[in-house]
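What's in query.tsv: TSV, C-alpha atoms
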chain	number	residue	atom	x	y	z
Q	1	MET	CA	-14.38	16.08	-14.21
Q	2	PHE	CA	-13.80	12.32	-14.46
Q	3	SER	CA	-16.68	9.93	-15.02
Q	4	ASP	CA	-16.95	6.76	-12.96
Q	5	LEU	CA	-15.72	4.84	-16.01
Q	6	ASP	CA	-12.71	7.17	-16.39
Q	7	LYS	CA	-11.77	6.58	-12.76
Q	8	ALA	CA	-12.25	2.82	-13.08
Q	9	ILE	CA	-9.97	2.80	-16.13
Q	10	ILE	CA	-7.30	4.87	-14.36
Q	11	LYS	CA	-7.44	2.53	-11.36
Q	12	GLU	CA	-6.70	-0.39	-13.68
Q	13	ILE	CA	-3.99	1.11	-15.88
Q	14	GLN	CA	-2.04	2.59	-12.98
Q	15	GLY	CA	-1.48	-1.02	-11.93
Q	16	ASP	CA	0.44	-3.64	-13.81
Q	17	LEU	CA	-0.38	-4.61	-17.40
Q	18	PRO	CA	-0.73	-8.41	-17.62
Q	19	LEU	CA	1.99	-10.09	-19.69
Q	20	VAL	CA	-0.38	-11.86	-22.09
Q	21	ALA	CA	-0.82	-11.48	-25.85
Q	22	GLN	CA	-3.83	-9.16	-25.49
Q	23	PRO	CA	-3.30	-7.33	-22.19
Q	24	TYR	CA	-5.78	-4.54	-22.93
Q	25	ARG	CA	-8.47	-7.07	-23.73
Q	26	GLU	CA	-7.98	-8.64	-20.30
Q	27	ILE	CA	-8.33	-5.26	-18.54
Q	28	ALA	CA	-11.34	-4.36	-20.70
Q	29	LEU	CA	-13.03	-7.61	-19.67
Q	30	ARG	CA	-12.54	-6.74	-16.00
Q	31	LEU	CA	-14.11	-3.33	-16.65
Q	32	GLY	CA	-16.97	-4.76	-18.71
Q	33	ILE	CA	-16.09	-2.65	-21.76
Q	34	SER	CA	-14.72	-3.51	-25.20
Q	35	GLU	CA	-11.00	-3.61	-25.90
Q	36	GLN	CA	-11.54	-0.94	-28.56
Q	37	THR	CA	-13.18	1.43	-26.06
Q	38	LEU	CA	-10.32	0.94	-23.61
Q	39	LEU	CA	-7.66	1.58	-26.27
Q	40	GLU	CA	-9.47	4.75	-27.36
Q	41	LYS	CA	-9.77	5.96	-23.75
Q	42	ILE	CA	-6.07	5.39	-23.07
Q	43	LYS	CA	-5.13	7.33	-26.21
Q	44	GLU	CA	-7.52	10.10	-25.17
Q	45	PHE	CA	-5.90	10.29	-21.70
Q	46	GLN	CA	-2.49	10.44	-23.37
Q	47	GLU	CA	-3.55	13.28	-25.68
Q	48	GLN	CA	-5.09	15.21	-22.80
Q	49	GLY	CA	-1.92	14.74	-20.77
Q	50	TYR	CA	-3.56	12.81	-17.89
Q	51	ILE	CA	-1.17	9.99	-18.75
Q	52	ARG	CA	2.33	11.43	-18.66
Q	53	ARG	CA	3.91	8.29	-20.00
Q	54	PHE	CA	2.71	4.81	-20.82
Q	55	GLY	CA	5.28	2.10	-20.39
Q	56	ALA	CA	7.71	0.55	-17.97
Q	57	ALA	CA	8.91	1.89	-14.65
Q	58	LEU	CA	12.38	0.43	-14.15
Q	59	ARG	CA	14.43	-0.12	-11.02
Q	60	HIS	CA	17.49	1.83	-12.03
Q	61	ARG	CA	19.63	0.27	-9.28
Q	62	GLU	CA	19.02	-3.19	-10.73
Q	63	MET	CA	20.03	-1.84	-14.15
Q	64	GLY	CA	23.43	-0.85	-12.82
Q	65	LEU	CA	22.63	2.82	-12.17
Q	66	LYS	CA	23.80	2.82	-8.58
Q	67	ALA	CA	24.74	6.48	-8.21
Q	68	ASN	CA	21.60	8.58	-7.92
Q	69	PRO	CA	22.38	12.06	-6.65
Q	70	MET	CA	20.17	15.07	-6.33
Q	71	ILE	CA	22.42	17.89	-7.58
Q	72	ILE	CA	21.40	21.11	-5.87
Q	73	TRP	CA	22.42	24.53	-7.14
Q	74	GLN	CA	22.57	27.97	-5.56
Q	75	VAL	CA	21.28	30.20	-8.34
Q	76	PRO	CA	20.77	33.98	-8.18
Q	77	GLU	CA	17.03	34.74	-8.36
Q	78	ALA	CA	17.37	36.52	-11.72
Q	79	ARG	CA	19.03	33.52	-13.35
Q	80	ILE	CA	16.70	30.73	-12.14
Q	81	GLU	CA	14.64	30.54	-15.35
Q	82	GLU	CA	17.71	30.44	-17.60
Q	83	VAL	CA	19.65	27.96	-15.45
Q	84	GLY	CA	16.62	25.70	-14.91
Q	85	ASN	CA	16.00	25.48	-18.63
Q	86	LYS	CA	19.66	24.79	-19.37
Q	87	LEU	CA	19.79	22.01	-16.77
Q	88	ALA	CA	16.58	20.51	-18.18
Q	89	SER	CA	18.20	20.30	-21.61
Q	90	PHE	CA	20.79	17.77	-20.38
Q	91	ALA	CA	19.71	14.27	-21.46
Q	92	ARG	CA	20.95	12.81	-18.17
Q	93	VAL	CA	18.83	15.15	-16.02
Q	94	THR	CA	15.57	13.33	-15.26
Q	95	HIS	CA	14.01	15.94	-12.94
Q	96	CYS	CA	14.62	19.64	-12.49
Q	97	TYR	CA	12.74	22.02	-10.18
Q	98	HIS	CA	12.99	25.45	-8.59
Q	99	ARG	CA	12.33	24.91	-4.86
Q	100	PRO	CA	12.59	27.02	-1.71
Q	101	MET	CA	15.89	27.16	0.20
Q	102	LEU	CA	16.26	25.62	3.67
Q	103	PRO	CA	18.27	27.07	6.56
Q	104	LYS	CA	20.96	24.41	6.27
Q	105	LEU	CA	20.58	23.94	2.54
Q	106	PRO	CA	21.02	27.23	0.67
Q	107	TYR	CA	20.24	25.84	-2.78
Q	108	ASN	CA	17.20	26.64	-4.88
Q	109	VAL	CA	17.43	24.57	-8.09
Q	110	PHE	CA	17.19	20.80	-7.69
Q	111	SER	CA	18.15	18.36	-10.45
Q	112	MET	CA	18.33	14.55	-10.47
Q	113	ILE	CA	20.74	12.37	-12.42
Q	114	HIS	CA	21.34	8.61	-12.46
Q	115	ALA	CA	24.68	7.09	-13.36
Q	116	GLU	CA	26.77	3.99	-12.79
Q	117	THR	CA	29.37	5.52	-10.46
Q	118	LYS	CA	29.86	8.52	-8.17
Q	119	GLU	CA	32.91	9.53	-10.24
Q	120	GLU	CA	30.72	9.75	-13.31
Q	121	CYS	CA	28.26	11.94	-11.36
Q	122	SER	CA	30.99	14.30	-10.13
Q	123	LYS	CA	32.26	14.65	-13.66
Q	124	LEU	CA	28.78	15.30	-15.03
Q	125	ALA	CA	28.07	17.85	-12.30
Q	126	LYS	CA	31.31	19.65	-13.07
Q	127	GLU	CA	30.47	19.81	-16.77
Q	128	MET	CA	26.99	21.08	-15.95
Q	129	ALA	CA	28.41	23.69	-13.56
Q	130	GLU	CA	30.68	25.04	-16.26
Q	131	ILE	CA	27.92	25.27	-18.82
Q	132	ILE	CA	25.41	26.99	-16.51
Q	133	ASN	CA	28.18	29.03	-14.87
Q	134	ILE	CA	27.20	28.25	-11.26
Q	135	ASP	CA	29.99	27.43	-8.78
Q	136	ASN	CA	27.96	26.78	-5.70
Q	137	TYR	CA	26.45	23.33	-5.78
Q	138	ASP	CA	26.33	20.05	-3.89
Q	139	LEU	CA	25.50	16.41	-4.62
Q	140	LEU	CA	23.19	14.59	-2.23
Q	141	TYR	CA	23.52	10.88	-2.93
Q	142	SER	CA	20.78	8.46	-2.02
Q	143	GLU	CA	22.44	6.07	0.41
Q	144	LYS	CA	19.45	3.85	0.85
Q	145	GLU	CA	16.10	3.45	-0.86
Q	146	LEU	CA	13.49	3.24	1.89
Q	147	LYS	CA	10.42	3.27	-0.33
Q	148	LYS	CA	9.67	3.40	-4.02
Q	149	THR	CA	6.20	2.80	-5.38
Q	150	SER	CA	3.85	4.20	-7.99
Q	151	MET	CA	1.09	6.51	-6.79
Q	152	LYS	CA	-2.39	5.02	-6.78
Q	153	TYR	CA	-4.97	7.63	-7.71
Q	154	PHE	CA	-8.70	7.68	-6.98
Q	155	MET	CA	-8.43	5.12	-4.22
Q	156	GLU	CA	-10.06	7.28	-1.59
Q	157	GLY	CA	-13.59	6.27	-2.44
W	158	MET	CA	20.74	-8.82	-19.84
W	159	ASP	CA	21.76	-9.11	-23.50
W	160	ASN	CA	21.51	-6.42	-26.16
W	161	ILE	CA	17.97	-7.40	-27.11
W	162	ASP	CA	16.90	-6.96	-23.47
W	163	LYS	CA	18.53	-3.54	-23.40
W	164	ASP	CA	16.82	-2.45	-26.62
W	165	LEU	CA	13.56	-3.86	-25.26
W	166	LEU	CA	13.88	-1.78	-22.09
W	167	GLY	CA	14.61	1.29	-24.20
W	168	ILE	CA	11.42	0.74	-26.23
W	169	ILE	CA	9.03	-0.11	-23.41
W	170	GLN	CA	10.08	2.88	-21.33
W	171	LYS	CA	9.06	5.33	-23.99
W	172	ASP	CA	6.88	3.92	-26.74
W	173	PHE	CA	4.85	1.12	-25.27
W	174	PRO	CA	2.22	0.42	-27.95
W	175	VAL	CA	-1.43	1.04	-27.15
W	176	CYS	CA	-2.92	-1.51	-29.54
W	177	SER	CA	-4.49	-4.96	-29.45
W	178	ARG	CA	-1.22	-6.94	-29.72
W	179	PRO	CA	1.46	-4.69	-28.19
W	180	PHE	CA	4.04	-7.45	-27.65
W	181	GLN	CA	3.78	-8.50	-31.28
W	182	GLU	CA	4.45	-4.91	-32.35
W	183	ILE	CA	7.47	-4.60	-30.01
W	184	GLY	CA	8.76	-8.00	-31.17
W	185	GLU	CA	8.60	-6.86	-34.80
W	186	LYS	CA	10.84	-3.88	-33.99
W	187	LEU	CA	13.38	-6.21	-32.37
W	188	GLY	CA	13.11	-9.10	-34.85
W	189	ILE	CA	11.75	-11.53	-32.23
W	190	THR	CA	8.38	-13.25	-31.84
W	191	GLU	CA	5.49	-12.11	-29.66
W	192	ASP	CA	6.05	-15.12	-27.37
W	193	GLU	CA	9.74	-14.33	-26.95
W	194	THR	CA	8.92	-10.69	-26.18
W	195	VAL	CA	6.51	-11.76	-23.43
W	196	ALA	CA	9.03	-14.31	-22.09
W	197	ARG	CA	11.82	-11.73	-21.95
W	198	LEU	CA	9.59	-9.19	-20.20
W	199	SER	CA	8.48	-11.81	-17.66
W	200	LYS	CA	12.12	-12.56	-16.90
W	201	LEU	CA	13.07	-8.87	-16.55
W	202	LYS	CA	10.18	-8.52	-14.14
W	203	GLU	CA	11.20	-11.54	-12.10
W	204	GLN	CA	14.72	-10.11	-11.92
W	205	GLY	CA	13.25	-6.89	-10.53
W	206	ILE	CA	14.53	-4.71	-13.36
W	207	ILE	CA	10.98	-3.84	-14.44
W	208	ARG	CA	9.04	-2.54	-11.45
W	209	ARG	CA	5.77	-2.00	-13.27
W	210	LEU	CA	4.29	-1.81	-16.75
W	211	GLY	CA	1.41	0.59	-17.16
W	212	ALA	CA	0.33	4.22	-17.11
W	213	ILE	CA	2.30	6.89	-15.30
W	214	MET	CA	-0.32	9.52	-14.54
W	215	ASP	CA	0.30	13.27	-14.32
W	216	SER	CA	-0.58	14.05	-10.70
W	217	ARG	CA	-1.12	17.78	-11.31
W	218	LYS	CA	-3.44	17.13	-14.24
W	219	LEU	CA	-5.49	14.84	-12.01
W	220	GLY	CA	-5.81	17.68	-9.50
W	221	TYR	CA	-3.43	16.16	-6.95
W	222	LYS	CA	-0.82	18.19	-5.05
W	223	SER	CA	2.72	16.91	-4.71
W	224	THR	CA	5.81	18.00	-2.86
W	225	LEU	CA	9.32	17.05	-1.76
W	226	CYS	CA	10.04	16.95	1.98
W	227	ALA	CA	13.21	16.74	4.01
W	228	MET	CA	13.71	15.79	7.67
W	229	GLU	CA	16.67	15.92	10.00
W	230	VAL	CA	16.31	12.64	11.84
W	231	PRO	CA	18.63	11.52	14.66
W	232	PRO	CA	20.29	8.30	13.42
W	233	ASP	CA	18.99	6.22	16.35
W	234	THR	CA	15.35	6.95	15.46
W	235	LEU	CA	15.71	6.64	11.68
W	236	SER	CA	14.01	3.30	11.29
W	237	GLN	CA	10.99	4.30	13.40
W	238	VAL	CA	10.61	7.63	11.57
W	239	ALA	CA	10.99	5.94	8.16
W	240	GLU	CA	8.30	3.45	9.13
W	241	VAL	CA	5.85	6.23	10.04
W	242	VAL	CA	6.62	8.17	6.83
W	243	ASN	CA	6.43	5.08	4.59
W	244	GLY	CA	3.03	4.22	6.02
W	245	TYR	CA	1.32	6.99	4.04
W	246	ILE	CA	-0.04	5.88	0.65
W	247	GLY	CA	0.94	9.27	-0.85
W	248	VAL	CA	4.60	8.85	0.10
W	249	THR	CA	5.86	7.26	-3.11
W	250	HIS	CA	9.64	7.71	-2.76
W	251	ASN	CA	11.72	7.85	0.40
W	252	TYR	CA	15.51	8.00	0.46
W	253	LEU	CA	18.28	8.30	2.99
W	254	ARG	CA	20.74	10.95	1.77
W	255	ASN	CA	24.20	12.11	2.85
W	256	HIS	CA	23.29	15.37	4.63
W	257	ASP	CA	22.08	16.67	8.03
W	258	TYR	CA	18.71	16.62	6.29
W	259	ASN	CA	18.99	12.89	5.89
W	260	LEU	CA	15.47	11.71	5.07
W	261	TRP	CA	13.96	12.84	1.76
W	262	PHE	CA	10.52	11.80	0.61
W	263	THR	CA	7.95	12.74	-2.00
W	264	LEU	CA	4.29	13.14	-1.06
W	265	ILE	CA	1.28	13.18	-3.41
W	266	THR	CA	-2.18	14.00	-2.00
W	267	PRO	CA	-5.65	14.75	-3.41
W	268	SER	CA	-5.60	18.40	-2.19
W	269	GLN	CA	-3.44	21.10	-0.59
W	270	GLY	CA	-5.41	20.74	2.64
W	271	HIS	CA	-4.76	17.02	2.72
W	272	LEU	CA	-1.06	17.64	2.05
W	273	GLU	CA	-0.66	20.09	4.93
W	274	LYS	CA	-2.62	17.83	7.26
W	275	THR	CA	-0.35	14.89	6.37
W	276	LEU	CA	2.81	16.93	7.09
W	277	ARG	CA	1.44	18.06	10.48
W	278	ASP	CA	0.46	14.49	11.21
W	279	ILE	CA	3.97	13.20	10.44
W	280	GLU	CA	5.47	15.91	12.68
W	281	LYS	CA	3.14	15.01	15.51
W	282	ARG	CA	3.78	11.29	15.23
W	283	THR	CA	7.58	11.53	14.90
W	284	GLY	CA	8.30	14.62	16.99
W	285	GLN	CA	10.49	15.89	14.14
W	286	LYS	CA	10.10	18.91	11.91
W	287	VAL	CA	9.17	18.26	8.28
W	288	TYR	CA	10.66	20.76	5.83
W	289	ASN	CA	8.33	21.24	2.91
W	290	LEU	CA	9.95	22.02	-0.45
W	291	PRO	CA	7.11	22.32	-2.98
W	292	ALA	CA	8.17	23.02	-6.57
W	293	ILE	CA	7.98	26.73	-7.33
W	294	ARG	CA	8.64	25.94	-10.97
W	295	LEU	CA	8.92	22.63	-12.82
W	296	PHE	CA	11.57	22.55	-15.53
W	297	LYS	CA	11.63	18.83	-16.31
W	298	ILE	CA	10.27	15.40	-15.42
W	299	LYS	CA	11.57	12.58	-17.53
W	300	VAL	CA	11.24	9.22	-15.99
W	301	ASN	CA	12.76	7.07	-18.68
W	302	PHE	CA	16.30	6.35	-17.68
W	303	HIS	CA	19.41	5.98	-19.69
W	304	VAL	CA	19.91	2.20	-20.05
W	305	PRO	CA	23.62	1.46	-19.56
W	306	GLY	CA	25.09	0.19	-22.81
W	307	VAL	CA	22.39	1.62	-25.05
W	308	LYS	CA	23.41	4.56	-27.19
W	309	GLY	CA	20.75	7.13	-27.99
W	310	GLY	CA	18.23	5.40	-25.78
W	311	GLU	CA	17.37	8.63	-24.04
W	312	GLY	CA	14.66	10.99	-25.02
Hey, can you dump this file as structure tokens for me?
Amino acid sequence: MFSDLDKAIIKEIQGDLPLVAQPYREIALRLGISEQTLLEKIKEFQEQGYIRRFGAALRHREMGLKANPMIIWQVPEARIEEVGNKLASFARVTHCYHRPMLPKLPYNVFSMIHAETKEECSKLAKEMAEIINIDNYDLLYSEKELKKTSMKYFMEG
Amino acid sequence: MDNIDKDLLGIIQKDFPVCSRPFQEIGEKLGITEDETVARLSKLKEQGIIRRLGAIMDSRKLGYKSTLCAMEVPPDTLSQVAEVVNGYIGVTHNYLRNHDYNLWFTLITPSQGHLEKTLRDIEKRTGQKVYNLPAIRLFKIKVNFHVPGVKGGEG
């Protein structure tokens, strides 16, 4: 599916873009291809959806977003599609998934938000609950970040 | 961080230019020079606000399998268990959360077989059950955050 060149390009661009005037030229030189070819390939990967986003990954805690709860919802099976889509439409929701329930965690729709304070999160969750009309929910706050990195693809060989 | 930094973060999260002189193009939008744009980005990186600048790949499109896992870890073994879990290259996020299921991590692997093998491996090495919560349906992934103090910076 991916040529050796495709994989070599992905290995480079999933790293860190050098902060120089012509960063793509520098990467292209490492790959032994022209800057133009690299730019075209990146645009192609974007169009095909292999690149979900091109840009900066920020550390939200350092930006002042210190409250990062997973808001979990107990949604009747028949309403999952509707509720999931409604939750996804909130600008503050960064992730939203339907997932299986656990014995001690009877919630099946998982959403993530990031805010400056826990109070702000509680308020947001309450507003969301009213709009989606789901009473049973909980907020699991991240108390400590133990690891956060970007995935490195095609490193296995 | 001043307002230019905040606008800069808003731009580079979403519309980082794929062209020969990207920092010149960003600088033009902000009314600053290419050099100043590079200098500001270098500073934001040193400060740890920017973790990385580059491509965020779509793991599913690349054929990889991903999941969210939870573990109920006795507090006295947390650091050892976290060390085992963090040791896997496919574990990209790992958080301590306020619940009996206290350890939450994401795992990305090249195949379903590899994923299941990794989970069994973690269970064997830690002696703790790993609860696997793969997405049944994805409604949204948006990894550009709201920058505090920037209105309309979300998309």
So which residues are close to (6.5, -13.6, -26.6), meaning at most 9 Å away in the file's coordinates with only C-alpha atoms counted, and can you show them as an NGL selection string? (:Q and (19-21)) or (:W and (180-181 or 184 or 189-198))
Need the shell around Val248 of chain W: protein/DNA/RNA residues with any atom at most 7 Å away, counting only C-alpha atoms. Skip same-chain ones fewer than 3 positions apart. Format as a VMD selection string? chain W and resid 243 245 262 to 265
W:Gly205, W:Gly220, W:Gly270, W:Gly284 ranked by distance to chain Q, top pick (using all atoms listed in the file): W:Gly205
Got a sec: who's within 7 Å of His95 of chain Q, counting all atoms listed in the file, leaving out chain neighbours fewer than 2 positions off, as a list in words?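 Counting all atoms listed in the file, the residues come to Val93, Tyr97, Ser111 and Met112 of chain Q; Lys297, Ile298 and Lys299 of chain W.
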Can you tell me, as a list in words, what residues are no more than 8 Å from Ile72 of chain Q when counting all atoms listed in the file, ignoring any on the same chain fewer than 5 positions away?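 Everything that qualifies: Tyr107, Asn108, Val109, Phe110, Ser111, Tyr137, Asp138, Leu139 and Leu140 of chain Q.
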With a distance cut-off of 10 Å and only C-alpha atoms, select the neighbouring residues of Arg217 of chain W, excluding the residue or stretch itself and same-chain residues fewer than 6 positions from it, and output the selection as a PDB file with C-alpha atoms, keeping the file's coordinate frame.
ATOM      1  CA  GLY Q  49      -1.920  14.740 -20.770  1.00  0.00           C
ATOM      2  CA  TYR Q  50      -3.560  12.810 -17.890  1.00  0.00           C
TER       3      TYR Q  50
ATOM      4  CA  SER W 223       2.720  16.910  -4.710  1.00  0.00           C
ATOM      5  CA  ILE W 265       1.280  13.180  -3.410  1.00  0.00           C
ATOM      6  CA  PRO W 267      -5.650  14.750  -3.410  1.00  0.00           C
TER       7      PRO W 267
END
Kindly give the distance, in Å, that separates atom CA of Ala115 of chain Q and atom CA of Leu65 of chain Q, rounded to a single decimal.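 Straight-line distance from atom CA of Ala115 of chain Q to atom CA of Leu65 of chain Q works out to 4.9 Å.
The coordinates place atom CA of Asn289 of chain W at 21.3 Å from atom CA of Asn68 of chain Q.
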Hey, which of W:Arg294, W:Gly167, W:Gln204, W:Leu219 ends up closest to Ile10 of chain Q? Count all atoms listed in the file.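 Answer, going by the shortest atom-to-atom distance: W:Leu219.
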Using all atoms listed in the file, which protein or nucleic acid residues come within 8 Å of Gln285 of chain W? Drop anything in the same chain fewer than 5 positions from it, and give the result as a list in words.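 Counting all atoms listed in the file, the residues come to Met228, Glu229, Val230, Ile279 and Glu280 of chain W.
Using only C-alpha atoms for every distance, the candidate list W:Val304, W:Lys274, W:Ile183, W:Phe296 yields W:Phe296 as the residue closest to Cys96 of chain Q.
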With only C-alpha atoms as the basis for distance, which of W:Leu295, W:Ile207, W:Tyr288, W:Leu272 is at the shortest distance from Gly84 of chain Q?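 That would be W:Leu295, the residue with the smallest distance to Gly84 of chain Q.
Of note, atom CA of Tyr24 of chain Q and atom CA of Glu12 of chain Q are spaced 10.2 Å apart.
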